[in-house]
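*Asks:* Next comes model-v3.pdb, PDB, N, CA and C atoms, pLDDT in the B column:
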```pdb
ATOM      1  N   MET A  11      12.216  11.401  -9.064  1.00 49.00           N
ATOM      2  CA  MET A  11      12.548  12.460  -9.985  1.00 49.00           C
ATOM      3  C   MET A  11      12.853  13.745  -9.233  1.00 49.00           C
ATOM      4  N   LYS A  12      13.728  14.495  -9.759  1.00 56.00           N
ATOM      5  CA  LYS A  12      14.116  15.747  -9.123  1.00 56.00           C
ATOM      6  C   LYS A  12      12.964  16.740  -9.195  1.00 56.00           C
ATOM      7  N   GLY A  13      12.715  17.412  -8.080  1.00 55.00           N
ATOM      8  CA  GLY A  13      11.680  18.434  -8.039  1.00 55.00           C
ATOM      9  C   GLY A  13      10.291  17.925  -7.707  1.00 55.00           C
ATOM     10  N   MET A  14      10.097  16.604  -7.730  1.00 62.00           N
ATOM     11  CA  MET A  14       8.779  16.058  -7.400  1.00 62.00           C
ATOM     12  C   MET A  14       8.637  15.946  -5.888  1.00 62.00           C
ATOM     13  N   THR A  15       7.474  16.307  -5.411  1.00 68.00           N
ATOM     14  CA  THR A  15       7.215  16.144  -3.990  1.00 68.00           C
ATOM     15  C   THR A  15       6.111  15.117  -3.811  1.00 68.00           C
ATOM     16  N   HIS A  16       6.207  14.374  -2.750  1.00 72.00           N
ATOM     17  CA  HIS A  16       5.201  13.368  -2.430  1.00 72.00           C
ATOM     18  C   HIS A  16       4.536  13.775  -1.134  1.00 72.00           C
ATOM     19  N   PRO A  17       3.217  13.548  -1.026  1.00 77.00           N
ATOM     20  CA  PRO A  17       2.569  13.842   0.255  1.00 77.00           C
ATOM     21  C   PRO A  17       3.138  12.940   1.343  1.00 77.00           C
ATOM     22  N   ALA A  18       3.138  13.446   2.548  1.00 91.00           N
ATOM     23  CA  ALA A  18       3.603  12.626   3.673  1.00 91.00           C
ATOM     24  C   ALA A  18       2.691  11.412   3.802  1.00 91.00           C
ATOM     25  N   PRO A  19       3.274  10.240   4.065  1.00 96.00           N
ATOM     26  CA  PRO A  19       2.426   9.054   4.202  1.00 96.00           C
ATOM     27  C   PRO A  19       1.587   9.106   5.477  1.00 96.00           C
ATOM     28  N   ILE A  20       0.430   8.487   5.408  1.00 97.00           N
ATOM     29  CA  ILE A  20      -0.443   8.339   6.569  1.00 97.00           C
ATOM     30  C   ILE A  20      -0.041   7.046   7.263  1.00 97.00           C
ATOM     31  N   ASP A  21       0.181   7.099   8.564  1.00 98.00           N
ATOM     32  CA  ASP A  21       0.563   5.906   9.319  1.00 98.00           C
ATOM     33  C   ASP A  21      -0.664   5.091   9.694  1.00 98.00           C
ATOM     34  N   VAL A  22      -0.607   3.784   9.424  1.00 98.00           N
ATOM     35  CA  VAL A  22      -1.696   2.869   9.786  1.00 98.00           C
ATOM     36  C   VAL A  22      -1.107   1.742  10.620  1.00 98.00           C
ATOM     37  N   SER A  23      -1.568   1.639  11.854  1.00 97.00           N
ATOM     38  CA  SER A  23      -1.077   0.614  12.771  1.00 97.00           C
ATOM     39  C   SER A  23      -1.772  -0.713  12.499  1.00 97.00           C
ATOM     40  N   ILE A  24      -0.956  -1.766  12.314  1.00 97.00           N
ATOM     41  CA  ILE A  24      -1.518  -3.087  12.037  1.00 97.00           C
ATOM     42  C   ILE A  24      -1.468  -4.006  13.253  1.00 97.00           C
ATOM     43  N   GLY A  25      -0.762  -3.605  14.307  1.00 94.00           N
ATOM     44  CA  GLY A  25      -0.709  -4.390  15.532  1.00 94.00           C
ATOM     45  C   GLY A  25       0.141  -5.639  15.452  1.00 94.00           C
ATOM     46  N   SER A  26       0.907  -5.786  14.371  1.00 94.00           N
ATOM     47  CA  SER A  26       1.813  -6.930  14.235  1.00 94.00           C
ATOM     48  C   SER A  26       2.992  -6.498  13.369  1.00 94.00           C
ATOM     49  N   GLU A  27       3.850  -7.463  13.040  1.00 93.00           N
ATOM     50  CA  GLU A  27       5.058  -7.146  12.274  1.00 93.00           C
ATOM     51  C   GLU A  27       4.840  -7.156  10.770  1.00 93.00           C
ATOM     52  N   SER A  28       3.821  -7.880  10.284  1.00 96.00           N
ATOM     53  CA  SER A  28       3.628  -7.972   8.837  1.00 96.00           C
ATOM     54  C   SER A  28       2.146  -8.159   8.504  1.00 96.00           C
ATOM     55  N   ILE A  29       1.826  -7.877   7.238  1.00 98.00           N
ATOM     56  CA  ILE A  29       0.468  -8.024   6.724  1.00 98.00           C
ATOM     57  C   ILE A  29       0.572  -8.142   5.208  1.00 98.00           C
ATOM     58  N   ARG A  30      -0.337  -8.869   4.598  1.00 97.00           N
ATOM     59  CA  ARG A  30      -0.322  -9.006   3.138  1.00 97.00           C
ATOM     60  C   ARG A  30      -0.836  -7.709   2.491  1.00 97.00           C
ATOM     61  N   LEU A  31      -0.300  -7.414   1.309  1.00 98.00           N
ATOM     62  CA  LEU A  31      -0.618  -6.165   0.611  1.00 98.00           C
ATOM     63  C   LEU A  31      -2.116  -5.974   0.410  1.00 98.00           C
ATOM     64  N   GLY A  32      -2.805  -6.967  -0.127  1.00 96.00           N
ATOM     65  CA  GLY A  32      -4.241  -6.839  -0.381  1.00 96.00           C
ATOM     66  C   GLY A  32      -5.023  -6.571   0.891  1.00 96.00           C
ATOM     67  N   ARG A  33      -4.700  -7.297   1.931  1.00 96.00           N
ATOM     68  CA  ARG A  33      -5.392  -7.107   3.218  1.00 96.00           C
ATOM     69  C   ARG A  33      -5.121  -5.709   3.786  1.00 96.00           C
ATOM     70  N   PHE A  34      -3.857  -5.259   3.674  1.00 97.00           N
ATOM     71  CA  PHE A  34      -3.507  -3.939   4.189  1.00 97.00           C
ATOM     72  C   PHE A  34      -4.276  -2.839   3.471  1.00 97.00           C
ATOM     73  N   MET A  35      -4.421  -2.967   2.160  1.00 97.00           N
ATOM     74  CA  MET A  35      -5.135  -1.918   1.408  1.00 97.00           C
ATOM     75  C   MET A  35      -6.584  -1.797   1.856  1.00 97.00           C
ATOM     76  N   LYS A  36      -7.227  -2.928   2.133  1.00 96.00           N
ATOM     77  CA  LYS A  36      -8.601  -2.883   2.653  1.00 96.00           C
ATOM     78  C   LYS A  36      -8.613  -2.362   4.083  1.00 96.00           C
ATOM     79  N   PHE A  37      -7.712  -2.858   4.932  1.00 96.00           N
ATOM     80  CA  PHE A  37      -7.632  -2.466   6.336  1.00 96.00           C
ATOM     81  C   PHE A  37      -7.396  -0.961   6.479  1.00 96.00           C
ATOM     82  N   ALA A  38      -6.529  -0.419   5.622  1.00 97.00           N
ATOM     83  CA  ALA A  38      -6.184   1.003   5.688  1.00 97.00           C
ATOM     84  C   ALA A  38      -7.242   1.887   5.037  1.00 97.00           C
ATOM     85  N   GLY A  39      -8.227   1.275   4.375  1.00 96.00           N
ATOM     86  CA  GLY A  39      -9.281   2.056   3.733  1.00 96.00           C
ATOM     87  C   GLY A  39      -8.878   2.652   2.395  1.00 96.00           C
ATOM     88  N   VAL A  40      -7.806   2.130   1.810  1.00 95.00           N
ATOM     89  CA  VAL A  40      -7.370   2.623   0.504  1.00 95.00           C
ATOM     90  C   VAL A  40      -8.414   2.265  -0.545  1.00 95.00           C
ATOM     91  N   LEU A  41      -8.926   1.042  -0.489  1.00 95.00           N
ATOM     92  CA  LEU A  41     -10.028   0.577  -1.325  1.00 95.00           C
ATOM     93  C   LEU A  41     -10.967  -0.240  -0.452  1.00 95.00           C
ATOM     94  N   ASP A  42     -12.235  -0.286  -0.830  1.00 92.00           N
ATOM     95  CA  ASP A  42     -13.243  -0.928   0.008  1.00 92.00           C
ATOM     96  C   ASP A  42     -13.416  -2.422  -0.232  1.00 92.00           C
ATOM     97  N   SER A  43     -13.303  -2.849  -1.479  1.00 94.00           N
ATOM     98  CA  SER A  43     -13.601  -4.253  -1.760  1.00 94.00           C
ATOM     99  C   SER A  43     -12.354  -5.019  -2.191  1.00 94.00           C
ATOM    100  N   GLY A  44     -12.376  -6.300  -1.889  1.00 93.00           N
ATOM    101  CA  GLY A  44     -11.277  -7.163  -2.289  1.00 93.00           C
ATOM    102  C   GLY A  44     -11.121  -7.216  -3.802  1.00 93.00           C
ATOM    103  N   GLY A  45     -12.234  -7.154  -4.519  1.00 96.00           N
ATOM    104  CA  GLY A  45     -12.184  -7.163  -5.980  1.00 96.00           C
ATOM    105  C   GLY A  45     -11.481  -5.937  -6.524  1.00 96.00           C
ATOM    106  N   ASP A  46     -11.780  -4.769  -5.941  1.00 97.00           N
ATOM    107  CA  ASP A  46     -11.116  -3.530  -6.371  1.00 97.00           C
ATOM    108  C   ASP A  46      -9.629  -3.569  -6.059  1.00 97.00           C
ATOM    109  N   VAL A  47      -9.288  -4.109  -4.887  1.00 97.00           N
ATOM    110  CA  VAL A  47      -7.879  -4.224  -4.491  1.00 97.00           C
ATOM    111  C   VAL A  47      -7.147  -5.131  -5.478  1.00 97.00           C
ATOM    112  N   LYS A  48      -7.719  -6.291  -5.763  1.00 96.00           N
ATOM    113  CA  LYS A  48      -7.095  -7.252  -6.671  1.00 96.00           C
ATOM    114  C   LYS A  48      -6.851  -6.617  -8.040  1.00 96.00           C
ATOM    115  N   GLU A  49      -7.866  -5.944  -8.560  1.00 97.00           N
ATOM    116  CA  GLU A  49      -7.759  -5.316  -9.878  1.00 97.00           C
ATOM    117  C   GLU A  49      -6.681  -4.227  -9.900  1.00 97.00           C
ATOM    118  N   ALA A  50      -6.655  -3.369  -8.877  1.00 98.00           N
ATOM    119  CA  ALA A  50      -5.674  -2.284  -8.819  1.00 98.00           C
ATOM    120  C   ALA A  50      -4.249  -2.835  -8.769  1.00 98.00           C
ATOM    121  N   ILE A  51      -4.050  -3.903  -7.995  1.00 98.00           N
ATOM    122  CA  ILE A  51      -2.714  -4.491  -7.864  1.00 98.00           C
ATOM    123  C   ILE A  51      -2.297  -5.156  -9.171  1.00 98.00           C
ATOM    124  N   ILE A  52      -3.166  -5.984  -9.738  1.00 96.00           N
ATOM    125  CA  ILE A  52      -2.846  -6.700 -10.976  1.00 96.00           C
ATOM    126  C   ILE A  52      -2.580  -5.723 -12.123  1.00 96.00           C
ATOM    127  N   ASP A  53      -3.334  -4.628 -12.171  1.00 97.00           N
ATOM    128  CA  ASP A  53      -3.179  -3.645 -13.254  1.00 97.00           C
ATOM    129  C   ASP A  53      -1.972  -2.732 -13.068  1.00 97.00           C
ATOM    130  N   GLY A  54      -1.243  -2.887 -11.947  1.00 98.00           N
ATOM    131  CA  GLY A  54      -0.016  -2.129 -11.752  1.00 98.00           C
ATOM    132  C   GLY A  54      -0.203  -0.720 -11.221  1.00 98.00           C
ATOM    133  N   PHE A  55      -1.341  -0.450 -10.573  1.00 98.00           N
ATOM    134  CA  PHE A  55      -1.607   0.881 -10.040  1.00 98.00           C
ATOM    135  C   PHE A  55      -1.114   1.069  -8.604  1.00 98.00           C
ATOM    136  N   VAL A  56      -0.580   0.014  -8.009  1.00 98.00           N
ATOM    137  CA  VAL A  56      -0.155   0.056  -6.603  1.00 98.00           C
ATOM    138  C   VAL A  56       1.369  -0.027  -6.534  1.00 98.00           C
ATOM    139  N   THR A  57       1.944   0.837  -5.697  1.00 98.00           N
ATOM    140  CA  THR A  57       3.384   0.777  -5.477  1.00 98.00           C
ATOM    141  C   THR A  57       3.674   0.399  -4.029  1.00 98.00           C
ATOM    142  N   VAL A  58       4.802  -0.250  -3.836  1.00 98.00           N
ATOM    143  CA  VAL A  58       5.314  -0.548  -2.497  1.00 98.00           C
ATOM    144  C   VAL A  58       6.725   0.021  -2.464  1.00 98.00           C
ATOM    145  N   ASN A  59       6.927   0.969  -1.568  1.00 98.00           N
ATOM    146  CA  ASN A  59       8.228   1.639  -1.454  1.00 98.00           C
ATOM    147  C   ASN A  59       8.677   2.223  -2.792  1.00 98.00           C
ATOM    148  N   GLY A  60       7.703   2.773  -3.536  1.00 97.00           N
ATOM    149  CA  GLY A  60       8.002   3.469  -4.782  1.00 97.00           C
ATOM    150  C   GLY A  60       8.092   2.609  -6.024  1.00 97.00           C
ATOM    151  N   GLU A  61       7.928   1.290  -5.889  1.00 98.00           N
ATOM    152  CA  GLU A  61       8.026   0.387  -7.032  1.00 98.00           C
ATOM    153  C   GLU A  61       6.705  -0.356  -7.229  1.00 98.00           C
ATOM    154  N   VAL A  62       6.271  -0.477  -8.486  1.00 98.00           N
ATOM    155  CA  VAL A  62       5.045  -1.220  -8.787  1.00 98.00           C
ATOM    156  C   VAL A  62       5.216  -2.655  -8.314  1.00 98.00           C
ATOM    157  N   ASP A  63       4.197  -3.159  -7.622  1.00 97.00           N
ATOM    158  CA  ASP A  63       4.216  -4.560  -7.175  1.00 97.00           C
ATOM    159  C   ASP A  63       2.861  -5.173  -7.484  1.00 97.00           C
ATOM    160  N   ARG A  64       2.856  -6.220  -8.291  1.00 97.00           N
ATOM    161  CA  ARG A  64       1.609  -6.852  -8.717  1.00 97.00           C
ATOM    162  C   ARG A  64       1.266  -8.100  -7.905  1.00 97.00           C
ATOM    163  N   ARG A  65       1.895  -8.255  -6.743  1.00 95.00           N
ATOM    164  CA  ARG A  65       1.655  -9.442  -5.908  1.00 95.00           C
ATOM    165  C   ARG A  65       0.727  -9.077  -4.752  1.00 95.00           C
ATOM    166  N   ARG A  66      -0.521  -9.492  -4.862  1.00 92.00           N
ATOM    167  CA  ARG A  66      -1.511  -9.190  -3.818  1.00 92.00           C
ATOM    168  C   ARG A  66      -1.106  -9.806  -2.479  1.00 92.00           C
ATOM    169  N   GLY A  67      -0.417 -10.946  -2.530  1.00 94.00           N
ATOM    170  CA  GLY A  67      -0.013 -11.638  -1.317  1.00 94.00           C
ATOM    171  C   GLY A  67       1.340 -11.207  -0.766  1.00 94.00           C
ATOM    172  N   ARG A  68       1.916 -10.180  -1.341  1.00 97.00           N
ATOM    173  CA  ARG A  68       3.223  -9.709  -0.849  1.00 97.00           C
ATOM    174  C   ARG A  68       3.135  -9.382   0.635  1.00 97.00           C
ATOM    175  N   GLN A  69       4.110  -9.850   1.379  1.00 98.00           N
ATOM    176  CA  GLN A  69       4.160  -9.555   2.821  1.00 98.00           C
ATOM    177  C   GLN A  69       4.766  -8.175   3.034  1.00 98.00           C
ATOM    178  N   LEU A  70       3.993  -7.275   3.595  1.00 98.00           N
ATOM    179  CA  LEU A  70       4.502  -5.957   3.948  1.00 98.00           C
ATOM    180  C   LEU A  70       5.066  -6.016   5.356  1.00 98.00           C
ATOM    181  N   GLN A  71       6.097  -5.245   5.584  1.00 97.00           N
ATOM    182  CA  GLN A  71       6.728  -5.157   6.894  1.00 97.00           C
ATOM    183  C   GLN A  71       6.532  -3.742   7.443  1.00 97.00           C
ATOM    184  N   VAL A  72       6.679  -3.584   8.741  1.00 97.00           N
ATOM    185  CA  VAL A  72       6.599  -2.271   9.366  1.00 97.00           C
ATOM    186  C   VAL A  72       7.582  -1.341   8.659  1.00 97.00           C
ATOM    187  N   GLY A  73       7.099  -0.166   8.279  1.00 97.00           N
ATOM    188  CA  GLY A  73       7.923   0.817   7.585  1.00 97.00           C
ATOM    189  C   GLY A  73       7.684   0.869   6.087  1.00 97.00           C
ATOM    190  N   ASP A  74       7.095  -0.196   5.510  1.00 98.00           N
ATOM    191  CA  ASP A  74       6.796  -0.178   4.072  1.00 98.00           C
ATOM    192  C   ASP A  74       5.745   0.890   3.782  1.00 98.00           C
ATOM    193  N   ILE A  75       5.848   1.498   2.603  1.00 98.00           N
ATOM    194  CA  ILE A  75       4.904   2.538   2.193  1.00 98.00           C
ATOM    195  C   ILE A  75       4.200   2.083   0.923  1.00 98.00           C
ATOM    196  N   VAL A  76       2.864   2.050   0.996  1.00 98.00           N
ATOM    197  CA  VAL A  76       2.026   1.650  -0.125  1.00 98.00           C
ATOM    198  C   VAL A  76       1.457   2.913  -0.765  1.00 98.00           C
ATOM    199  N   GLY A  77       1.540   2.991  -2.091  1.00 97.00           N
ATOM    200  CA  GLY A  77       1.012   4.143  -2.812  1.00 97.00           C
ATOM    201  C   GLY A  77      -0.088   3.731  -3.775  1.00 97.00           C
ATOM    202  N   PHE A  78      -1.128   4.576  -3.869  1.00 97.00           N
ATOM    203  CA  PHE A  78      -2.225   4.337  -4.808  1.00 97.00           C
ATOM    204  C   PHE A  78      -2.928   5.655  -5.069  1.00 97.00           C
ATOM    205  N   GLU A  79      -3.019   6.046  -6.347  1.00 95.00           N
ATOM    206  CA  GLU A  79      -3.719   7.270  -6.760  1.00 95.00           C
ATOM    207  C   GLU A  79      -3.303   8.499  -5.956  1.00 95.00           C
ATOM    208  N   GLY A  80      -2.007   8.664  -5.777  1.00 93.00           N
ATOM    209  CA  GLY A  80      -1.496   9.839  -5.092  1.00 93.00           C
ATOM    210  C   GLY A  80      -1.495   9.766  -3.579  1.00 93.00           C
ATOM    211  N   ARG A  81      -2.105   8.726  -3.026  1.00 95.00           N
ATOM    212  CA  ARG A  81      -2.103   8.527  -1.573  1.00 95.00           C
ATOM    213  C   ARG A  81      -0.934   7.635  -1.185  1.00 95.00           C
ATOM    214  N   ARG A  82      -0.366   7.883  -0.013  1.00 97.00           N
ATOM    215  CA  ARG A  82       0.723   7.056   0.497  1.00 97.00           C
ATOM    216  C   ARG A  82       0.377   6.669   1.927  1.00 97.00           C
ATOM    217  N   VAL A  83       0.468   5.365   2.203  1.00 98.00           N
ATOM    218  CA  VAL A  83       0.111   4.833   3.510  1.00 98.00           C
ATOM    219  C   VAL A  83       1.269   3.977   4.015  1.00 98.00           C
ATOM    220  N   ARG A  84       1.716   4.246   5.250  1.00 98.00           N
ATOM    221  CA  ARG A  84       2.864   3.528   5.827  1.00 98.00           C
ATOM    222  C   ARG A  84       2.394   2.487   6.843  1.00 98.00           C
ATOM    223  N   VAL A  85       2.967   1.291   6.746  1.00 98.00           N
ATOM    224  CA  VAL A  85       2.675   0.207   7.685  1.00 98.00           C
ATOM    225  C   VAL A  85       3.379   0.518   9.015  1.00 98.00           C
ATOM    226  N   CYS A  86       2.609   0.572  10.089  1.00 97.00           N
ATOM    227  CA  CYS A  86       3.164   0.804  11.433  1.00 97.00           C
ATOM    228  C   CYS A  86       2.673  -0.289  12.362  1.00 97.00           C
ATOM    229  N   ARG A  87       3.441  -0.540  13.402  1.00 94.00           N
ATOM    230  CA  ARG A  87       3.047  -1.547  14.386  1.00 94.00           C
ATOM    231  C   ARG A  87       2.040  -0.940  15.304  1.00 94.00           C
TER     232      ARG A  87
END
```
I need this file expressed as structure tokens, please.

*Replies:*
Amino acid sequence: MKGMTHPAPIDVSIGSESIRLGRFMKFAGVLDSGGDVKEAIIDGFVTVNGEVDRRRGRQLQVGDIVGFEGRRVRVCR
């Protein structure tokens, strides 16, 4: 949307080329428990590159940006 600003994403190094969405959210400290991650994803509160994604097993690639509750976290190698 025009005029909206987003906070700069925080870079989180995963040490590889890809990681599953649910695992990344726990690894990056976005949420602490797998149950909370699963619920947030299924309920549509998580975005990947600005779009809601309800697939916990989605493969994220380096450069993807995950959003949750106003936080943005970027997958880095």

*Asks:* Which residues fall under the PyMOL selection byres (((chain A and resi 66 and name CA) around 6) and name CA) in this file, as a list in words?

*Replies:*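 So the PyMOL selection byres (((chain A and resi 66 and name CA) around 6) and name CA), applied here, picks out Leu31, Gly32, Arg65, Gly67 and Arg68 of chain A.
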
*Asks:* Suppose a student applies the PyMOL selection byres (((chain A and resi 18 and name CA) around 10) and name CA) to this structure; what residues should they get, written as an NGL selection string?

*Replies:* :A and (15-17 or 19-21 or 81-84)

*Asks:* List every residue of chain A that DSSP, applied to the backbone, labels as strand (DSSP E), and write the result as a VMD selection string.

*Replies:* chain A and resid 20 to 23 28 to 30 56 to 58 61 to 62 69 to 71 75 to 78 81 to 86

*Asks:* Give me the residues near region 50-56 of chain A as JSON, numbers by chain, where near means some atom within 6.5 Å (using all atoms listed in the file) and where sequence neighbours in that chain fewer than 3 positions away do not count.

*Replies:* {"A": [45, 46, 47, 61, 62, 63, 64, 65, 66, 76, 77, 78, 79]}

*Asks:* Neighbouring residues of Ser28 (chain A) were defined as those with any atom within 8 Å, considering only N, CA and C atoms; residues of the same chain fewer than 4 positions away were excluded. Please report them as a list in words.

*Replies:*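 Near Ser28 (chain A), the qualifying residues are Ile24, Gln69, Leu70, Gln71, Val72, Cys86 and Arg87 of chain A.
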
*Asks:* Atom N of Ser26 (chain A) and atom C of Gly80 (chain A), how far apart in Å?

*Replies:*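 Distance between the two atoms: 23.9 Å.
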
*Asks:* Could you pull out the residues in chain A that DSSP calls helix (DSSP H, G or I) from the backbone, as a PyMOL selection string?

*Replies:* chain A and resi 31-37+44-52

*Asks:* Return as AutoDock Vina command-line options the centre and edge lengths, in Å with one decimal, of the box along x, y and z that encloses every atom of region 76-81 of chain A in the file, padded by 3 Å per side.

*Replies:*
```
--center_x -0.4 --center_y 5.7 --center_z -2.9 --size_x 12.6 --size_y 14.2 --size_z 13.8
```

*Asks:* By how many Å are atom N of Gly25 (chain A) and atom C of Val40 (chain A) apart?

*Replies:* 17.7 Å

*Asks:* When you draw a straight line from CA of Glu49 (chain A) to CA of Glu27 (chain A), how long is it in Å?

*Replies:*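 About the pair CA of Glu49 (chain A) and CA of Glu27 (chain A): they are 25.7 Å apart.
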